[in-house]
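Inspection log for the structure reproduced underneath, given as structure tokens.
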Amino acid sequence: MADIAVGAALSVACGVVFWGFNFAYASVSPLIGAVLPGLASILHGFWYFSGTLAVLIIRKPGAAVYVNVVGSLVEGLLGSQYAMTFVLLSAALQGLFAELPFMVTRYRRFTLALSVCSGALTALEYGVYLLLFRFQGVAFLSPRGIIHMISELVGGVLVAGVMSWFLYVAIARAGVLDRFESGRAIRGAIDA
């Protein structure tokens, strides 16, 4: 039951981040895209970091999908310029791909390397998803398509992978997760 409550709280917080990021992205992406078409994809990790963070904190199957989908619903309630069917399908897929590296370990290992792998897999999924459903006029092997995918992967690794790991560590060190295995693992490492 506590996992559901933590997931709900994390979902709301991430939903607010998604909503705020919509405005920031709308302002900044045209400037970055003017420098190099496709480069703005480096920022997309802010829309899917929540999946990796959810698995690191909750450590249960389905955590990433749950937090992503509920967070996207919160974003939609606050107001989003994106179609909710697109957002919810995307959120579910991102959650699934964020969980894959942890699924392989049967949710027994939670490391920076797995976090980075989670961010990279989510970026790969989202990059392909965008090329298929949002950027249909951009070929996979065109210069813009290649720059988009490289930027997506770099952003996924840095934001969804590395940032999520250090955000999780900071939350755990603050003692917020002391009642959870994820918090005790970090606190135990500090005390050792």
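Chain labels A, B, ... are given in the sequence in which chains occur in the structure tokens; within each chain residues are numbered consecutively from 1, and ligands are likewise numbered from 1 in the order shown.
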Contacts of segment 168-171 of chain A at 8 Å (only C-alpha atoms; same-chain gap of 2+ positions) as a list in words = Leu53, Leu56, Ile57, Ser164, Trp165, Phe166, Arg173, Ala174, Gly175, Val176, Leu177 and Ile186 of chain A
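Distances here use only C-alpha atoms; by that measure, the residue among A:Thr52, A:Ser27, A:Ser90, A:Ser142 closest to Ala113 of chain A is A:Thr52.
Counting only C-alpha atoms and comparing A:Leu78, A:Leu112, A:Ile4, A:Ile146, the residue that lies closest to Leu167 of chain A is A:Leu112.
The coordinates place atom CA of His44 of chain A at 12.4 Å from atom CA of Gly161 of chain A.
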Between A:Ser50, A:Gln136, A:Ser182, A:Ser118, which is the closest to Ala13 of chain A once you count only C-alpha atoms?
-> A:Ser50
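Counting only C-alpha atoms, Ala120 of chain A has the following residues at most 9 Å away, ignoring those fewer than 4 positions along the same chain: A:Ala98, A:Ser115, A:Val116, A:Leu124, A:Glu125, A:Glu152, A:Leu153, A:Val154, A:Gly155, A:Gly156, A:Val157, A:Leu158, A:Ala160, A:Gly161.
Here the residues within segment 94-125 of chain A that DSSP labels alpha helix (DSSP H) on the basis of the backbone are Gln94, Gly95, Leu96, Phe97, Ala98, Glu99, Leu100, Pro101, Phe102, Met103, Val104, Leu112, Ala113, Leu114, Ser115, Val116, Cys117, Ser118, Gly119, Ala120, Leu121, Thr122, Ala123, Leu124 and Glu125 of chain A.
In terms of minimum interatomic distance to Leu121 of chain A, A:Leu96 ranks closest within A:Val104, A:Leu96, A:Phe133, A:Leu141, counting only C-alpha atoms.
Between atom CA of Gly51 of chain A and atom CA of Asn68 of chain A the separation is 5.9 Å.
Comparing the minimum interatomic distances between Ile150 of chain A and each of A:Gly79, A:Val128, A:Asp3, A:Trp47, counting only C-alpha atoms, we find that A:Val128 sits nearest.
Among the candidates A:Ile32, A:Thr85, A:Ile58, A:Phe23, the one nearest to Glu181 of chain A when counting only C-alpha atoms is A:Ile58.
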